[in-house]
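To be precise, the following lines are work.pdb, and they hold PDB, C-alpha atoms.
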```
ATOM      1  CA  MET S   1      -8.924   3.991  -8.695
ATOM      2  CA  ILE S   2      -5.526   3.848  -7.018
ATOM      3  CA  MET S   3      -4.259   2.085  -3.915
ATOM      4  CA  VAL S   4      -2.296   4.200  -1.439
ATOM      5  CA  ASP S   5       0.309   2.417   0.668
ATOM      6  CA  SER S   6       0.865   2.977   4.376
ATOM      7  CA  SER S   7       4.230   4.613   3.611
ATOM      8  CA  VAL S   8       2.362   7.518   2.013
ATOM      9  CA  TRP S   9      -0.486   7.664   4.542
ATOM     10  CA  ILE S  10       1.947   7.756   7.474
ATOM     11  CA  ASP S  11       3.850  10.667   5.935
ATOM     12  CA  PHE S  12       0.539  12.363   5.050
ATOM     13  CA  PHE S  13      -0.832  12.140   8.597
ATOM     14  CA  ASN S  14       2.514  13.328   9.991
ATOM     15  CA  GLY S  15       2.415  16.427   7.770
ATOM     16  CA  ILE S  16       5.440  15.417   5.722
ATOM     17  CA  GLU S  17       5.516  16.924   2.247
ATOM     18  CA  ASN S  18       7.068  14.884  -0.520
ATOM     19  CA  THR S  19       6.194  13.879  -4.066
ATOM     20  CA  GLU S  20       3.891  11.095  -2.908
ATOM     21  CA  THR S  21       1.989  13.031  -0.225
ATOM     22  CA  ASN S  22       1.575  15.954  -2.622
ATOM     23  CA  LYS S  23       0.151  13.543  -5.219
ATOM     24  CA  LEU S  24      -2.245  12.102  -2.605
ATOM     25  CA  ASP S  25      -3.305  15.595  -1.576
ATOM     26  CA  GLU S  26      -3.994  16.488  -5.239
ATOM     27  CA  MET S  27      -6.067  13.339  -5.793
ATOM     28  CA  LEU S  28      -8.224  13.510  -2.646
ATOM     29  CA  GLY S  29     -11.751  14.313  -3.771
ATOM     30  CA  LEU S  30     -10.860  14.027  -7.464
ATOM     31  CA  GLU S  31      -9.996  10.363  -7.900
ATOM     32  CA  GLU S  32     -11.228   7.212  -6.204
ATOM     33  CA  ILE S  33      -8.674   6.162  -3.617
ATOM     34  CA  ALA S  34      -8.551   2.723  -2.091
ATOM     35  CA  THR S  35      -6.853   1.143   0.853
ATOM     36  CA  GLY S  36      -6.548  -2.386   2.099
ATOM     37  CA  ASP S  37      -7.058  -4.047   5.441
ATOM     38  CA  LEU S  38      -3.293  -4.561   5.848
ATOM     39  CA  ILE S  39      -2.629  -0.906   5.054
ATOM     40  CA  LEU S  40      -5.366   0.165   7.449
ATOM     41  CA  THR S  41      -3.739  -1.861  10.234
ATOM     42  CA  LYS S  42      -0.238  -0.564   9.503
ATOM     43  CA  VAL S  43      -1.380   3.074   9.552
ATOM     44  CA  LEU S  44      -3.782   3.000  12.495
ATOM     45  CA  GLN S  45      -1.518   1.070  14.863
ATOM     46  CA  GLY S  46       0.944   3.975  14.877
ATOM     47  CA  PHE S  47      -1.350   6.580  16.445
ATOM     48  CA  ARG S  48      -0.764   7.342  20.118
ATOM     49  CA  SER S  49      -3.530   9.928  20.476
ATOM     50  CA  GLU S  50      -7.107   8.640  20.512
ATOM     51  CA  LYS S  51      -8.266  11.798  18.716
ATOM     52  CA  ASP S  52      -5.751  11.337  15.885
ATOM     53  CA  PHE S  53      -6.590   7.616  15.686
ATOM     54  CA  LYS S  54     -10.312   8.381  15.298
ATOM     55  CA  THR S  55      -9.680  11.085  12.693
ATOM     56  CA  ALA S  56      -7.461   8.807  10.614
ATOM     57  CA  LYS S  57      -9.861   5.877  11.019
ATOM     58  CA  ASN S  58     -12.761   8.017   9.775
ATOM     59  CA  ILE S  59     -10.774   9.186   6.748
ATOM     60  CA  LEU S  60      -9.448   5.744   5.828
ATOM     61  CA  THR S  61     -12.710   3.870   6.324
ATOM     62  CA  SER S  62     -14.516   6.388   4.114
ATOM     63  CA  LEU S  63     -12.438   5.003   1.217
ATOM     64  CA  THR S  64     -12.902   1.710  -0.570
ATOM     65  CA  VAL S  65     -11.275  -0.834   1.769
ATOM     66  CA  PHE S  66     -10.254  -4.161   0.241
ATOM     67  CA  GLU S  67      -9.647  -7.426   2.048
ATOM     68  CA  MET S  68      -6.231  -8.191   0.642
ATOM     69  CA  LEU S  69      -5.499 -11.819   1.442
ATOM     70  CA  GLY S  70      -7.198 -15.111   0.828
ATOM     71  CA  GLU S  71      -5.936 -18.514  -0.216
ATOM     72  CA  LYS S  72      -5.361 -17.667  -3.893
ATOM     73  CA  LEU S  73      -3.623 -14.380  -3.168
ATOM     74  CA  ALA S  74      -1.535 -15.983  -0.417
ATOM     75  CA  ILE S  75      -0.189 -18.505  -2.925
ATOM     76  CA  LYS S  76       0.300 -15.836  -5.591
ATOM     77  CA  SER S  77       2.167 -13.656  -3.064
ATOM     78  CA  ALA S  78       4.451 -16.542  -2.131
ATOM     79  CA  ASN S  79       5.141 -17.159  -5.830
ATOM     80  CA  ASN S  80       5.954 -13.480  -6.390
ATOM     81  CA  PHE S  81       8.329 -13.507  -3.410
ATOM     82  CA  ARG S  82      10.013 -16.624  -4.799
ATOM     83  CA  LYS S  83      10.319 -15.105  -8.316
ATOM     84  CA  LEU S  84      12.077 -12.070  -6.898
ATOM     85  CA  ARG S  85      14.295 -14.180  -4.647
ATOM     86  CA  LYS S  86      15.363 -16.281  -7.669
ATOM     87  CA  SER S  87      16.456 -12.985  -9.235
ATOM     88  CA  GLY S  88      18.552 -12.192  -6.158
ATOM     89  CA  ILE S  89      16.003  -9.818  -4.579
ATOM     90  CA  THR S  90      14.680 -10.516  -1.092
ATOM     91  CA  ILE S  91      11.724  -8.478   0.141
ATOM     92  CA  ARG S  92      11.963  -8.254   3.927
ATOM     93  CA  LYS S  93       8.340  -7.316   4.679
ATOM     94  CA  THR S  94       5.657  -9.897   3.910
ATOM     95  CA  PRO S  95       2.830  -7.300   4.076
ATOM     96  CA  ASP S  96       4.524  -5.420   1.208
ATOM     97  CA  VAL S  97       4.599  -8.602  -0.864
ATOM     98  CA  ILE S  98       0.864  -9.055  -0.241
ATOM     99  CA  ILE S  99       0.030  -5.412  -1.037
ATOM    100  CA  ALA S 100       2.061  -5.449  -4.253
ATOM    101  CA  THR S 101       0.575  -8.761  -5.357
ATOM    102  CA  PHE S 102      -2.958  -7.550  -4.607
ATOM    103  CA  CYS S 103      -2.375  -4.461  -6.762
ATOM    104  CA  ILE S 104      -0.815  -6.478  -9.596
ATOM    105  CA  GLU S 105      -3.682  -8.990  -9.625
ATOM    106  CA  ASN S 106      -6.354  -6.283  -9.471
ATOM    107  CA  LYS S 107      -4.570  -3.967 -11.920
ATOM    108  CA  LEU S 108      -4.512  -1.137  -9.396
ATOM    109  CA  PRO S 109      -1.705   1.412  -9.505
ATOM    110  CA  LEU S 110      -0.006   1.821  -6.132
ATOM    111  CA  LEU S 111       1.088   5.135  -4.673
ATOM    112  CA  PHE S 112       4.065   4.363  -2.447
ATOM    113  CA  SER S 113       7.274   5.796  -1.071
ATOM    114  CA  ASP S 114       8.605   2.508   0.361
ATOM    115  CA  LYS S 115      11.497   1.218  -1.771
ATOM    116  CA  ASN S 116      10.351  -2.392  -1.187
ATOM    117  CA  PHE S 117       7.868  -1.922  -4.027
ATOM    118  CA  ILE S 118      10.421  -0.974  -6.695
ATOM    119  CA  PRO S 119      11.355  -4.612  -7.513
ATOM    120  CA  PHE S 120       7.664  -5.315  -8.111
ATOM    121  CA  VAL S 121       7.518  -2.396 -10.550
ATOM    122  CA  ASP S 122      10.739  -3.421 -12.264
ATOM    123  CA  ASN S 123      10.104  -7.171 -12.428
ATOM    124  CA  LEU S 124       6.439  -8.044 -11.875
ATOM    125  CA  LYS S 125       4.451  -5.298 -13.589
ATOM    126  CA  LEU S 126       3.252  -3.409 -10.520
ATOM    127  CA  ARG S 127       2.048  -0.025 -11.740
ATOM    128  CA  SER S 128       3.316   2.953  -9.795
ATOM    129  CA  ALA S 129       0.833   5.809  -9.333
ATOM    130  CA  CYS S 130       3.618   8.378  -9.225
TER     131      CYS S 130
END
```
Structure translated into structure tokens:
Amino acid sequence: MIMVDSSVWIDFFNGIENTETNKLDEMLGLEEIATGDLILTKVLQGFRSEKDFKTAKNILTSLTVFEMLGEKLAIKSANNFRKLRKSGITIRKTPDVIIATFCIENKLPLLFSDKNFIPFVDNLKLRSAC
């Protein structure tokens, strides 16, 4: 099972071809793909058309959808942010800290195109799916 970040889903739904969307396209139907409630929110809030919103919602909710934050993960996410900041790296998007921490804790590789995740790969053992 792999987690797919909103950065890939947004490109995918917009018809953008890149390494990550091609990998997602290859894996659909062959490998179990997961999403999280934060990712679901980030992707779905961007649709202007009701038809496109419903199509994306149907696709995303057909996957395994994880609830990504609770007390323990909130504290772990804060600790991961602080570890990176002590190394001189500041992650600007709290949802990305939560998503990365969720994947690290659950040993799920993450398919992403957002550069915010690279410090987690380099320093905190986030596994990249690409």
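Atom CA of S:Lys125 sits 28.5 Å away from atom CA of S:Ser62.
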Can I get the residues of stretch 65-121 of chain S within 9 Å of stretch 17-36 of chain S, each with the closest pair of atoms and their distance in Å to one decimal, using only C-alpha atoms, sorted chain first then ascending number, as a Markdown table?
```
| residue | atom | partner | partner_atom | distance |
| --- | --- | --- | --- | --- |
| S:Val65 | CA | S:Thr35 | CA | 4.9 |
| S:Phe66 | CA | S:Gly36 | CA | 4.5 |
| S:Glu67 | CA | S:Gly36 | CA | 5.9 |
| S:Met68 | CA | S:Gly36 | CA | 6.0 |
| S:Ile99 | CA | S:Gly36 | CA | 7.9 |
| S:Leu111 | CA | S:Glu20 | CA | 6.8 |
| S:Phe112 | CA | S:Glu20 | CA | 6.8 |
| S:Ser113 | CA | S:Glu20 | CA | 6.5 |
```
Calculate, to one decimal in Å, the centre and edge lengths of the box along x, y and z of the file that holds all listed atoms of stretch 16-24 of chain S with 5 Å of margin on each side, and present them as JSON.
```
{"center_x": 2.4, "center_y": 14.0, "center_z": 0.3, "size_x": 19.3, "size_y": 15.8, "size_z": 20.9}
```
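Between atom CA of S:Leu124 and atom CA of S:Ile98 the interatomic distance comes to 12.9 Å.
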Identify, on the basis of all atoms listed in the file, every residue whose closest approach to S:Glu105 does not exceed 12 Å; exclude the query and any residue fewer than 2 positions from it along the same chain; express the result as a PyMOL selection string. chain S and resi 68-69+72-74+76-77+80+98-103+107-110+124-127
Requested in this report: Report the residues retrieved by the PyMOL selection byres ((chain S and resi 117) around 9) from the displayed file, expressed as JSON, numbers by chain.
Outcome: {"S": [91, 96, 97, 100, 110, 112, 113, 114, 115, 116, 118, 119, 120, 121, 122, 126, 128]}
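Distance annotation: of S:Trp9, S:Gly15, S:Arg92, S:Phe47, the residue with the minimal separation from S:Ile59 is S:Trp9; atom set is only C-alpha atoms.
Taking atom CA of S:Ala56 and atom CA of S:Ile16 as endpoints, the distance between them is 15.3 Å.
Residue nearest S:Ser7 within the list S:Val43, S:Asp37, S:Thr55, S:Glu50: S:Val43 [criterion: smallest interatomic distance, all atoms listed in the file].
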Check your understanding: Taking into account all atoms listed in the file, which residue in the set S:Phe13, S:Lys83, S:Ala129, S:Asn106 is nearest to S:Leu60?
Key ->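 Smallest distance to S:Leu60 is found for S:Phe13.
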*From the set S:Ile75, S:Ile104, S:Lys86, S:Leu44, which residue has the shortest atom-to-atom contact distance to S:Met3, counting all atoms listed in the file?*
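Distance minimum relative to S:Met3 lands on S:Ile104.
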The residue from S:Ile10, S:Cys130, S:Arg85, S:Glu71 with the smallest atom-to-atom distance to S:Phe53, counting all atoms listed in the file, is S:Ile10
Is there a way to complete stretch 9-35 of chain S with N, CA, C and O atoms and then write that out as a short mmCIF file (atom, residue, chain, number, x, y, z; two decimals), in the frame of the given file?
```cif
data_model
loop_
_atom_site.label_atom_id
_atom_site.label_comp_id
_atom_site.auth_asym_id
_atom_site.auth_seq_id
_atom_site.Cartn_x
_atom_site.Cartn_y
_atom_site.Cartn_z
N TRP S 9 0.47 7.21 3.53
CA TRP S 9 -0.49 7.66 4.54
C TRP S 9 0.23 8.12 5.81
O TRP S 9 -0.15 9.14 6.41
N ILE S 10 1.23 7.39 6.24
CA ILE S 10 1.95 7.76 7.47
C ILE S 10 2.60 9.13 7.32
O ILE S 10 2.47 9.99 8.19
N ASP S 11 3.27 9.35 6.19
CA ASP S 11 3.85 10.67 5.94
C ASP S 11 2.76 11.73 5.87
O ASP S 11 2.90 12.83 6.41
N PHE S 12 1.65 11.43 5.21
CA PHE S 12 0.54 12.36 5.05
C PHE S 12 0.00 12.79 6.41
O PHE S 12 -0.14 13.98 6.69
N PHE S 13 -0.28 11.82 7.27
CA PHE S 13 -0.83 12.14 8.60
C PHE S 13 0.19 12.82 9.50
O PHE S 13 -0.18 13.52 10.44
N ASN S 14 1.47 12.65 9.22
CA ASN S 14 2.51 13.33 9.99
C ASN S 14 2.88 14.69 9.41
O ASN S 14 3.80 15.34 9.88
N GLY S 15 2.18 15.11 8.35
CA GLY S 15 2.42 16.43 7.77
C GLY S 15 3.69 16.54 6.96
O GLY S 15 4.18 17.64 6.73
N ILE S 16 4.21 15.41 6.52
CA ILE S 16 5.44 15.42 5.72
C ILE S 16 5.09 15.65 4.26
O ILE S 16 4.24 14.97 3.70
N GLU S 17 5.73 16.64 3.67
CA GLU S 17 5.52 16.92 2.25
C GLU S 17 6.60 16.26 1.42
O GLU S 17 7.79 16.44 1.68
N ASN S 18 6.17 15.48 0.45
CA ASN S 18 7.07 14.88 -0.52
C ASN S 18 6.26 14.63 -1.79
O ASN S 18 5.06 14.96 -1.85
N THR S 19 6.87 14.10 -2.79
CA THR S 19 6.19 13.88 -4.07
C THR S 19 4.93 13.06 -3.89
O THR S 19 3.87 13.38 -4.44
N GLU S 20 5.02 12.00 -3.07
CA GLU S 20 3.89 11.10 -2.91
C GLU S 20 2.75 11.71 -2.10
O GLU S 20 1.58 11.57 -2.47
N THR S 21 3.07 12.42 -1.01
CA THR S 21 1.99 13.03 -0.22
C THR S 21 1.35 14.18 -0.99
O THR S 21 0.15 14.42 -0.88
N ASN S 22 2.15 14.90 -1.78
CA ASN S 22 1.58 15.95 -2.62
C ASN S 22 0.63 15.35 -3.67
O ASN S 22 -0.44 15.91 -3.93
N LYS S 23 1.02 14.22 -4.25
CA LYS S 23 0.15 13.54 -5.22
C LYS S 23 -1.15 13.09 -4.54
O LYS S 23 -2.24 13.28 -5.08
N LEU S 24 -1.05 12.51 -3.35
CA LEU S 24 -2.24 12.10 -2.60
C LEU S 24 -3.13 13.30 -2.33
O LEU S 24 -4.35 13.25 -2.55
N ASP S 25 -2.55 14.39 -1.87
CA ASP S 25 -3.30 15.60 -1.58
C ASP S 25 -4.04 16.11 -2.81
O ASP S 25 -5.20 16.51 -2.74
N GLU S 26 -3.37 16.06 -3.97
CA GLU S 26 -3.99 16.49 -5.24
C GLU S 26 -5.17 15.59 -5.62
O GLU S 26 -6.16 16.06 -6.18
N MET S 27 -5.06 14.30 -5.34
CA MET S 27 -6.07 13.34 -5.79
C MET S 27 -7.27 13.25 -4.87
O MET S 27 -8.34 12.83 -5.31
N LEU S 28 -7.10 13.61 -3.59
CA LEU S 28 -8.22 13.51 -2.65
C LEU S 28 -9.41 14.31 -3.16
O LEU S 28 -9.29 15.48 -3.47
N GLY S 29 -10.54 13.67 -3.28
CA GLY S 29 -11.75 14.31 -3.77
C GLY S 29 -11.89 14.32 -5.27
O GLY S 29 -12.96 14.62 -5.78
N LEU S 30 -10.81 14.02 -6.00
CA LEU S 30 -10.86 14.03 -7.46
C LEU S 30 -10.82 12.63 -8.07
O LEU S 30 -11.34 12.41 -9.16
N GLU S 31 -10.17 11.71 -7.39
CA GLU S 31 -10.00 10.36 -7.90
C GLU S 31 -10.36 9.38 -6.80
O GLU S 31 -10.20 9.67 -5.62
N GLU S 32 -10.88 8.22 -7.20
CA GLU S 32 -11.23 7.21 -6.20
C GLU S 32 -9.95 6.61 -5.63
O GLU S 32 -9.09 6.14 -6.36
N ILE S 33 -9.84 6.66 -4.33
CA ILE S 33 -8.67 6.16 -3.62
C ILE S 33 -9.09 4.96 -2.79
O ILE S 33 -10.14 4.97 -2.13
N ALA S 34 -8.26 3.94 -2.83
CA ALA S 34 -8.55 2.72 -2.09
C ALA S 34 -7.46 2.47 -1.07
O ALA S 34 -6.34 2.97 -1.18
N THR S 35 -7.81 1.65 -0.10
CA THR S 35 -6.85 1.14 0.85
C THR S 35 -7.17 -0.32 1.07
O THR S 35 -8.15 -0.83 0.56
#
```
